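K.L.:
Below you'll find start_4.pdb; it's PDB, C-alpha atoms.
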```pdb
MODEL        1
ATOM      1  CA  SER L   1      78.020  -7.703 -40.609
ATOM      2  CA  GLN L   2      79.720  -5.036 -38.535
ATOM      3  CA  GLN L   3      77.522  -2.197 -37.475
ATOM      4  CA  GLY L   4      79.964   0.247 -35.876
ATOM      5  CA  GLU L   5      83.069   1.625 -37.537
ATOM      6  CA  GLU L   6      85.606   3.585 -35.505
ATOM      7  CA  ASP L   7      87.672   6.438 -36.830
ATOM      8  CA  PRO L   8      90.598   6.930 -36.839
ATOM      9  CA  GLN L   9      92.053   3.418 -36.923
ATOM     10  CA  ALA L  10      95.059   4.640 -34.951
ATOM     11  CA  LEU L  11      95.781   7.761 -32.921
ATOM     12  CA  SER L  12      99.002   8.876 -31.278
ATOM     13  CA  ILE L  13      99.053  11.791 -28.822
ATOM     14  CA  GLN L  14     101.210  13.257 -26.080
ATOM     15  CA  GLU L  15     100.346  12.725 -22.448
ATOM     16  CA  GLY L  16      98.054  15.479 -21.218
ATOM     17  CA  GLU L  17      96.379  16.026 -24.582
ATOM     18  CA  ASN L  18      92.774  15.109 -25.321
ATOM     19  CA  ALA L  19      91.914  12.113 -27.486
ATOM     20  CA  THR L  20      88.776  11.935 -29.617
ATOM     21  CA  MET L  21      87.529   8.792 -31.298
ATOM     22  CA  ASN L  22      84.485   8.484 -33.488
ATOM     23  CA  CYS L  23      82.064   5.674 -34.219
ATOM     24  CA  SER L  24      79.606   5.557 -37.089
ATOM     25  CA  TYR L  25      76.884   2.983 -37.548
ATOM     26  CA  LYS L  26      74.425   2.112 -40.264
ATOM     27  CA  THR L  27      71.022   1.274 -38.775
ATOM     28  CA  SER L  28      68.995   2.544 -35.865
ATOM     29  CA  ILE L  29      70.133   1.531 -32.411
ATOM     30  CA  ASN L  30      68.770   1.249 -28.903
ATOM     31  CA  ASN L  31      72.107   1.569 -27.114
ATOM     32  CA  LEU L  32      75.746   2.284 -27.867
ATOM     33  CA  GLN L  33      78.573   1.153 -25.610
ATOM     34  CA  TRP L  34      82.282   1.911 -25.527
ATOM     35  CA  TYR L  35      84.866  -0.627 -24.399
ATOM     36  CA  ARG L  36      88.630  -0.535 -23.862
ATOM     37  CA  GLN L  37      91.025  -3.384 -24.567
ATOM     38  CA  ASN L  38      94.600  -3.438 -23.390
ATOM     39  CA  SER L  39      96.892  -5.461 -25.620
ATOM     40  CA  GLY L  40      96.192  -9.185 -25.386
ATOM     41  CA  ARG L  41      93.534  -8.776 -22.698
ATOM     42  CA  GLY L  42      89.774  -8.881 -22.383
ATOM     43  CA  LEU L  43      87.557  -5.860 -22.936
ATOM     44  CA  VAL L  44      86.497  -3.514 -20.177
ATOM     45  CA  HIS L  45      83.230  -1.607 -20.319
ATOM     46  CA  LEU L  46      83.624   2.178 -20.211
ATOM     47  CA  ILE L  47      80.247   3.761 -20.768
ATOM     48  CA  LEU L  48      76.788   3.138 -22.220
ATOM     49  CA  ILE L  49      74.632   5.761 -23.900
ATOM     50  CA  ARG L  50      71.024   5.153 -24.825
ATOM     51  CA  SER L  51      69.436   6.315 -28.053
ATOM     52  CA  ASN L  52      67.423   9.015 -26.256
ATOM     53  CA  GLU L  53      70.544  10.488 -24.641
ATOM     54  CA  ARG L  54      72.880  12.986 -26.282
ATOM     55  CA  GLU L  55      75.805  13.147 -23.899
ATOM     56  CA  LYS L  56      77.224  11.263 -20.917
ATOM     57  CA  HIS L  57      80.201  11.792 -18.702
ATOM     58  CA  SER L  58      82.227   9.417 -16.578
ATOM     59  CA  GLY L  59      85.365  10.781 -14.981
ATOM     60  CA  ARG L  60      87.673  11.883 -17.827
ATOM     61  CA  LEU L  61      85.379  10.333 -20.440
ATOM     62  CA  ARG L  62      82.751  12.176 -22.409
ATOM     63  CA  VAL L  63      80.533  10.386 -24.912
ATOM     64  CA  THR L  64      78.172  12.038 -27.358
ATOM     65  CA  LEU L  65      75.551  10.456 -29.562
ATOM     66  CA  ASP L  66      73.987  11.973 -32.660
ATOM     67  CA  THR L  67      71.288   9.614 -33.885
ATOM     68  CA  SER L  68      70.490  11.830 -36.878
ATOM     69  CA  LYS L  69      74.051  11.342 -38.122
ATOM     70  CA  LYS L  70      74.291   7.799 -36.757
ATOM     71  CA  SER L  71      77.514   8.615 -34.993
ATOM     72  CA  SER L  72      79.082   8.764 -31.554
ATOM     73  CA  SER L  73      82.296  10.181 -30.211
ATOM     74  CA  LEU L  74      84.416   9.292 -27.207
ATOM     75  CA  LEU L  75      86.563  12.035 -25.720
ATOM     76  CA  ILE L  76      89.277  11.223 -23.209
ATOM     77  CA  THR L  77      90.533  14.383 -21.536
ATOM     78  CA  ALA L  78      94.014  14.898 -20.061
ATOM     79  CA  SER L  79      95.237  11.570 -21.390
ATOM     80  CA  ARG L  80      97.718   9.407 -19.510
ATOM     81  CA  ALA L  81     100.128   6.727 -20.674
ATOM     82  CA  ALA L  82      97.828   4.192 -19.003
ATOM     83  CA  ASP L  83      95.094   5.151 -21.495
ATOM     84  CA  THR L  84      97.103   3.424 -24.229
ATOM     85  CA  ALA L  85      94.739   0.736 -25.519
ATOM     86  CA  SER L  86      92.274  -0.071 -28.270
ATOM     87  CA  TYR L  87      88.813   1.411 -27.971
ATOM     88  CA  PHE L  88      85.728  -0.219 -29.443
ATOM     89  CA  CYS L  89      82.190   0.932 -29.901
ATOM     90  CA  ALA L  90      79.419  -1.642 -29.787
ATOM     91  CA  THR L  91      75.842  -1.182 -30.882
ATOM     92  CA  ASP L  92      72.638  -3.100 -30.647
ATOM     93  CA  GLY L  93      69.460  -2.590 -32.586
ATOM     94  CA  ALA L  94      68.593  -3.422 -36.182
ATOM     95  CA  GLY L  95      66.227  -6.070 -34.826
ATOM     96  CA  SER L  96      68.812  -7.667 -32.580
ATOM     97  CA  TYR L  97      69.625  -7.285 -28.927
ATOM     98  CA  GLN L  98      73.124  -8.575 -29.531
ATOM     99  CA  LEU L  99      76.075  -6.244 -29.580
ATOM    100  CA  THR L 100      77.988  -5.652 -32.792
ATOM    101  CA  PHE L 101      81.538  -4.379 -32.348
ATOM    102  CA  GLY L 102      83.576  -2.143 -34.623
ATOM    103  CA  LYS L 103      87.231  -2.732 -35.491
ATOM    104  CA  GLY L 104      88.457  -0.274 -32.899
ATOM    105  CA  THR L 105      90.732   2.730 -32.591
ATOM    106  CA  LYS L 106      94.241   2.027 -31.338
ATOM    107  CA  LEU L 107      95.284   4.878 -29.044
ATOM    108  CA  SER L 108      98.913   5.442 -28.101
ATOM    109  CA  VAL L 109      99.637   8.028 -25.398
ATOM    110  CA  ILE L 110     103.292   9.024 -25.377
ATOM    111  CA  PRO L 111     104.717   9.984 -21.970
TER     112      PRO L 111
ATOM    113  CA  ASP E   1      86.717 -12.304  -6.376
ATOM    114  CA  GLY E   2      83.813 -11.993  -8.782
ATOM    115  CA  GLY E   3      84.479 -12.292 -12.463
ATOM    116  CA  ILE E   4      84.959 -14.457 -15.501
ATOM    117  CA  THR E   5      87.766 -16.923 -15.915
ATOM    118  CA  GLN E   6      88.965 -18.496 -19.109
ATOM    119  CA  SER E   7      91.444 -21.276 -19.358
ATOM    120  CA  PRO E   8      93.963 -21.875 -20.610
ATOM    121  CA  LYS E   9      95.492 -18.539 -21.600
ATOM    122  CA  TYR E  10      97.383 -20.128 -24.515
ATOM    123  CA  LEU E  11      96.394 -23.294 -26.337
ATOM    124  CA  PHE E  12      98.190 -25.130 -29.113
ATOM    125  CA  ARG E  13      96.598 -27.854 -31.194
ATOM    126  CA  LYS E  14      97.292 -29.825 -34.311
ATOM    127  CA  GLU E  15      95.018 -29.438 -37.288
ATOM    128  CA  GLY E  16      92.169 -31.932 -37.260
ATOM    129  CA  GLN E  17      91.805 -32.025 -33.482
ATOM    130  CA  ASN E  18      88.809 -30.714 -31.587
ATOM    131  CA  VAL E  19      89.608 -28.435 -28.663
ATOM    132  CA  THR E  20      87.421 -27.109 -25.833
ATOM    133  CA  LEU E  21      87.869 -23.677 -24.295
ATOM    134  CA  SER E  22      86.645 -23.144 -20.774
ATOM    135  CA  CYS E  23      84.618 -20.170 -19.534
ATOM    136  CA  GLU E  24      83.319 -19.832 -15.967
ATOM    137  CA  GLN E  25      81.605 -16.891 -14.252
ATOM    138  CA  ASN E  26      80.591 -16.344 -10.648
ATOM    139  CA  LEU E  27      78.643 -13.130 -11.282
ATOM    140  CA  ASN E  28      75.281 -14.933 -11.339
ATOM    141  CA  HIS E  29      74.694 -13.604 -14.845
ATOM    142  CA  ASP E  30      72.043 -15.157 -17.046
ATOM    143  CA  ALA E  31      73.610 -14.370 -20.418
ATOM    144  CA  MET E  32      76.964 -15.599 -21.717
ATOM    145  CA  TYR E  33      78.741 -15.045 -25.021
ATOM    146  CA  TRP E  34      81.652 -16.283 -27.096
ATOM    147  CA  TYR E  35      83.491 -13.944 -29.432
ATOM    148  CA  ARG E  36      86.356 -14.408 -31.818
ATOM    149  CA  GLN E  37      88.935 -11.664 -32.431
ATOM    150  CA  ASP E  38      91.431 -11.702 -35.277
ATOM    151  CA  PRO E  39      94.443  -9.336 -35.421
ATOM    152  CA  GLY E  40      93.409  -5.725 -35.939
ATOM    153  CA  GLN E  41      89.757  -6.696 -36.019
ATOM    154  CA  GLY E  42      86.749  -6.205 -33.856
ATOM    155  CA  LEU E  43      84.883  -8.958 -32.074
ATOM    156  CA  ARG E  44      82.618 -11.349 -33.935
ATOM    157  CA  LEU E  45      79.904 -13.250 -32.110
ATOM    158  CA  ILE E  46      80.136 -17.037 -32.286
ATOM    159  CA  TYR E  47      77.408 -18.222 -29.896
ATOM    160  CA  TYR E  48      75.385 -16.762 -27.074
ATOM    161  CA  SER E  49      73.191 -18.141 -24.331
ATOM    162  CA  GLN E  50      70.419 -16.223 -22.599
ATOM    163  CA  ILE E  51      69.612 -18.905 -20.064
ATOM    164  CA  VAL E  52      70.697 -22.351 -18.936
ATOM    165  CA  ASN E  53      70.068 -25.147 -21.457
ATOM    166  CA  ASP E  54      69.524 -22.667 -24.278
ATOM    167  CA  PHE E  55      71.932 -21.124 -26.765
ATOM    168  CA  GLN E  56      71.788 -19.415 -30.137
ATOM    169  CA  LYS E  57      74.140 -19.125 -33.096
ATOM    170  CA  GLY E  58      75.888 -15.846 -33.657
ATOM    171  CA  ASP E  59      77.355 -14.504 -36.872
ATOM    172  CA  ILE E  60      80.123 -17.104 -37.276
ATOM    173  CA  ALA E  61      78.917 -20.317 -35.613
ATOM    174  CA  GLU E  62      80.081 -22.741 -38.304
ATOM    175  CA  GLY E  63      82.738 -25.114 -36.982
ATOM    176  CA  TYR E  64      81.984 -24.326 -33.330
ATOM    177  CA  SER E  65      79.731 -25.897 -30.701
ATOM    178  CA  VAL E  66      78.714 -24.909 -27.152
ATOM    179  CA  SER E  67      76.783 -26.206 -24.193
ATOM    180  CA  ARG E  68      75.140 -24.455 -21.243
ATOM    181  CA  GLU E  69      74.356 -27.102 -18.662
ATOM    182  CA  LYS E  70      75.117 -24.843 -15.702
ATOM    183  CA  LYS E  71      74.501 -21.134 -15.241
ATOM    184  CA  GLU E  72      78.126 -20.430 -14.465
ATOM    185  CA  SER E  73      79.727 -22.400 -17.316
ATOM    186  CA  PHE E  74      79.688 -21.953 -21.098
ATOM    187  CA  PRO E  75      82.406 -24.049 -22.787
ATOM    188  CA  LEU E  76      83.227 -23.613 -26.462
ATOM    189  CA  THR E  77      84.435 -26.456 -28.661
ATOM    190  CA  VAL E  78      86.387 -25.583 -31.763
ATOM    191  CA  THR E  79      85.889 -28.515 -34.094
ATOM    192  CA  SER E  80      88.034 -29.727 -36.948
ATOM    193  CA  ALA E  81      85.374 -28.333 -39.281
ATOM    194  CA  GLN E  82      86.426 -24.761 -38.430
ATOM    195  CA  LYS E  83      88.579 -23.791 -41.393
ATOM    196  CA  ASN E  84      90.676 -21.097 -39.738
ATOM    197  CA  PRO E  85      90.598 -21.650 -35.968
ATOM    198  CA  THR E  86      93.731 -19.717 -34.974
ATOM    199  CA  ALA E  87      92.443 -16.633 -33.159
ATOM    200  CA  PHE E  88      91.917 -14.939 -29.802
ATOM    201  CA  TYR E  89      88.718 -16.160 -28.142
ATOM    202  CA  LEU E  90      86.855 -14.047 -25.621
ATOM    203  CA  CYS E  91      84.050 -15.097 -23.328
ATOM    204  CA  ALA E  92      81.682 -12.563 -21.792
ATOM    205  CA  SER E  93      78.624 -12.462 -19.594
ATOM    206  CA  SER E  94      75.901  -9.976 -18.766
ATOM    207  CA  ILE E  95      73.168  -9.796 -16.180
ATOM    208  CA  GLY E  96      70.517  -9.622 -18.882
ATOM    209  CA  TRP E  97      70.560 -10.244 -22.584
ATOM    210  CA  THR E  98      69.666  -6.920 -24.146
ATOM    211  CA  GLY E  99      72.021  -4.435 -25.701
ATOM    212  CA  GLY E 100      71.473  -2.211 -22.698
ATOM    213  CA  ASP E 101      73.413  -4.550 -20.446
ATOM    214  CA  GLU E 102      77.114  -4.136 -19.840
ATOM    215  CA  GLN E 103      79.159  -7.159 -20.822
ATOM    216  CA  TYR E 104      81.947  -8.443 -18.573
ATOM    217  CA  PHE E 105      84.817 -10.108 -20.388
ATOM    218  CA  GLY E 106      87.255 -12.811 -19.432
ATOM    219  CA  PRO E 107      90.995 -12.485 -20.143
ATOM    220  CA  GLY E 108      90.766 -14.537 -23.350
ATOM    221  CA  THR E 109      92.316 -17.707 -24.746
ATOM    222  CA  ARG E 110      94.764 -17.490 -27.627
ATOM    223  CA  LEU E 111      94.370 -20.623 -29.759
ATOM    224  CA  THR E 112      97.010 -21.610 -32.288
ATOM    225  CA  VAL E 113      96.349 -24.497 -34.637
ATOM    226  CA  THR E 114      99.172 -25.793 -36.804
TER     227      THR E 114
ENDMDL
END
```
Can you dump the structure from the file as structure tokens?

P.N.:
Amino acid sequence: SQQGEEDPQALSIQEGENATMNCSYKTSINNLQWYRQNSGRGLVHLILIRSNEREKHSGRLRVTLDTSKKSSSLLITASRAADTASYFCATDGAGSYQLTFGKGTKLSVIP
Amino acid sequence: DGGITQSPKYLFRKEGQNVTLSCEQNLNHDAMYWYRQDPGQGLRLIYYSQIVNDFQKGDIAEGYSVSREKKESFPLTVTSAQKNPTAFYLCASSIGWTGGDEQYFGPGTRLTVT
């Protein structure tokens, strides 16, 4: 069964705007990861946040984790056309070390 | 170049035929994974291997088989028993096998069965 669920399913913004995607999950986790997938390609790891962390930054990316609400958000600041892709959250936990992926948020950045 | 390669990029087969998808990595990673992705969907785990000569079923293993005879190779066979094999197949590897390890993905193989 899928653990993480991203919201919204699709997001369209203008270049330069910020993009926020959310991920909710059902059971306790050890780690949460975010990945990007360009159309028809493999996934690329963006950032990992552990259950005892609340916020992490990497370049234009900011990830937050609220374990009490079982949710995470990914913020991409000053978006570029090259950020157009699908973004997936992946969680472990619930007695398994394996990652469970959500269905993704499809981000379109309009130049 | 270090990374994961999958071949071929596109594969076409007739119904009833078995087909093997290749996955090779030169990252010296212990763990390897096979995922299936359907349009507009997330990834679903088919099989994973934590170490050579060992592998475990994932969430949707029925109709698939794997082998892990070498550390760098983890081929996936889609058998005729898989009821709906047309999909995008992704191979991944990680240095360890916990959820705290980043997974590196190959470019994928798009399989079409008619």

K.L.:
With only C-alpha atoms as the counted atoms, please give the residues lying no more than 6 Å from region 63-75 of chain L, apart from itself and same-chain residues fewer than 2 positions off, as a tab-separated table (two decimals) with C-alpha atoms, keeping the file's coordinate frame.

P.N.:
```
chain	number	residue	atom	x	y	z
L	19	ALA	CA	91.91	12.11	-27.49
L	20	THR	CA	88.78	11.94	-29.62
L	21	MET	CA	87.53	8.79	-31.30
L	22	ASN	CA	84.48	8.48	-33.49
L	23	CYS	CA	82.06	5.67	-34.22
L	24	SER	CA	79.61	5.56	-37.09
L	25	TYR	CA	76.88	2.98	-37.55
L	54	ARG	CA	72.88	12.99	-26.28
L	55	GLU	CA	75.81	13.15	-23.90
L	56	LYS	CA	77.22	11.26	-20.92
L	61	LEU	CA	85.38	10.33	-20.44
```

K.L.:
Output the contact residues of chain E with respect to chain L at a cut-off of 7 Å, based on only C-alpha atoms, as a PyMOL selection string.

P.N.:
chain E and resi 40-43+90+98-100+102-108

K.L.:
I need the output of the PyMOL selection byres ((chain E and resi 66) around 10) for this file as a PyMOL selection string; which residues are they?

P.N.:
chain E and resi 20-21+34+46-49+54-57+61+64-65+67-69+74-78

K.L.:
Using all atoms listed in the file - which residues lie no farther than 10 Å from the point (77.3, -15.6, -13.4) in the file's frame? Write them as a PDB file with C-alpha atoms, in the coordinates of the input.

P.N.:
```
ATOM      1  CA  GLY E   2      83.813 -11.993  -8.782  1.00  0.00           C
ATOM      2  CA  GLY E   3      84.479 -12.292 -12.463  1.00  0.00           C
ATOM      3  CA  ILE E   4      84.959 -14.457 -15.501  1.00  0.00           C
ATOM      4  CA  GLU E  24      83.319 -19.832 -15.967  1.00  0.00           C
ATOM      5  CA  GLN E  25      81.605 -16.891 -14.252  1.00  0.00           C
ATOM      6  CA  ASN E  26      80.591 -16.344 -10.648  1.00  0.00           C
ATOM      7  CA  LEU E  27      78.643 -13.130 -11.282  1.00  0.00           C
ATOM      8  CA  ASN E  28      75.281 -14.933 -11.339  1.00  0.00           C
ATOM      9  CA  HIS E  29      74.694 -13.604 -14.845  1.00  0.00           C
ATOM     10  CA  ASP E  30      72.043 -15.157 -17.046  1.00  0.00           C
ATOM     11  CA  ALA E  31      73.610 -14.370 -20.418  1.00  0.00           C
ATOM     12  CA  MET E  32      76.964 -15.599 -21.717  1.00  0.00           C
ATOM     13  CA  LYS E  70      75.117 -24.843 -15.702  1.00  0.00           C
ATOM     14  CA  LYS E  71      74.501 -21.134 -15.241  1.00  0.00           C
ATOM     15  CA  GLU E  72      78.126 -20.430 -14.465  1.00  0.00           C
ATOM     16  CA  SER E  73      79.727 -22.400 -17.316  1.00  0.00           C
ATOM     17  CA  ALA E  92      81.682 -12.563 -21.792  1.00  0.00           C
ATOM     18  CA  SER E  93      78.624 -12.462 -19.594  1.00  0.00           C
ATOM     19  CA  SER E  94      75.901  -9.976 -18.766  1.00  0.00           C
ATOM     20  CA  ILE E  95      73.168  -9.796 -16.180  1.00  0.00           C
ATOM     21  CA  TYR E 104      81.947  -8.443 -18.573  1.00  0.00           C
TER      22      TYR E 104
END
```

K.L.:
Just how far from CA of Tyr10 (chain E) is CA of Thr112 (chain E), in Å to one decimal?

P.N.:
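Separation of CA of Thr112 (chain E) and CA of Tyr10 (chain E): 7.9 Å.
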
K.L.:
Identify all residues satisfying the PyMOL selection byres ((chain E and resi 9) around 9) in the given file; provide them as a PDB file with C-alpha atoms, keeping the file's coordinate frame.

P.N.:
```
ATOM      1  CA  GLN E   6      88.965 -18.496 -19.109  1.00  0.00           C
ATOM      2  CA  SER E   7      91.444 -21.276 -19.358  1.00  0.00           C
ATOM      3  CA  PRO E   8      93.963 -21.875 -20.610  1.00  0.00           C
ATOM      4  CA  TYR E  10      97.383 -20.128 -24.515  1.00  0.00           C
ATOM      5  CA  LEU E  11      96.394 -23.294 -26.337  1.00  0.00           C
ATOM      6  CA  PRO E 107      90.995 -12.485 -20.143  1.00  0.00           C
ATOM      7  CA  GLY E 108      90.766 -14.537 -23.350  1.00  0.00           C
ATOM      8  CA  THR E 109      92.316 -17.707 -24.746  1.00  0.00           C
ATOM      9  CA  ARG E 110      94.764 -17.490 -27.627  1.00  0.00           C
ATOM     10  CA  LEU E 111      94.370 -20.623 -29.759  1.00  0.00           C
TER      11      LEU E 111
END
```

K.L.:
I'd like to know which of E:Thr86, E:Thr79, E:Thr5, E:Gln37 is closest to Cys23 (chain E), using all atoms listed in the file.

P.N.:
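Smallest separation from Cys23 (chain E) among the options: E:Thr5.
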
K.L.:
Take every atom of region 67-78 of chain E listed in the file, fit an axis-aligned box around them, add 8 Å per side, and give the centre and edge lengths in Å to one decimal as lines of an AutoDock Vina configuration file.

P.N.:
```
center_x = 80.4
center_y = -23.8
center_z = -23.1
size_x = 28.0
size_y = 22.7
size_z = 33.3
```

K.L.:
List the residues matched by the PyMOL selection byres ((chain E and resi 59) around 6) in the displayed structure as a PyMOL selection string, ordered by chain and then by residue number.

P.N.:
chain E and resi 45-46+58+60

K.L.:
Keeping C-alpha atoms, export the residues of the selection given above as a JSON list (two decimals), in the coordinates of the input.

P.N.:
```json
[["chain", "number", "residue", "atom", "x", "y", "z"],
["E", 45, "LEU", "CA", 79.90, -13.25, -32.11],
["E", 46, "ILE", "CA", 80.14, -17.04, -32.29],
["E", 58, "GLY", "CA", 75.89, -15.85, -33.66],
["E", 60, "ILE", "CA", 80.12, -17.10, -37.28]]
```

K.L.:
Could you please determine the separation between CA of Pro8 (chain L) and CA of Ala87 (chain E) in Å, to one decimal place?

P.N.:
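Going from CA of Pro8 (chain L) over to CA of Ala87 (chain E) covers 23.9 Å.
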
K.L.:
Enter the distance from CA of Asp38 (chain E) to CA of Val109 (chain L), in Å, rounded to one decimal.

P.N.:
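Atom-to-atom, CA of Asp38 (chain E) to CA of Val109 (chain L), that is 23.5 Å.
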
K.L.:
With distances taken over only C-alpha atoms, which residue among E:Ala81, E:Phe88, E:Tyr35, E:Gly16 lies nearest Ser39 (chain L)?

P.N.:
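Between E:Ala81, E:Phe88, E:Tyr35, E:Gly16, the residue approaching Ser39 (chain L) most closely is E:Phe88.
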
K.L.:
With distances taken over all atoms listed in the file, which residue among E:Val52, E:Trp97, E:Arg36, E:Arg44 lies nearest Pro85 (chain E)?

P.N.:
E:Arg36
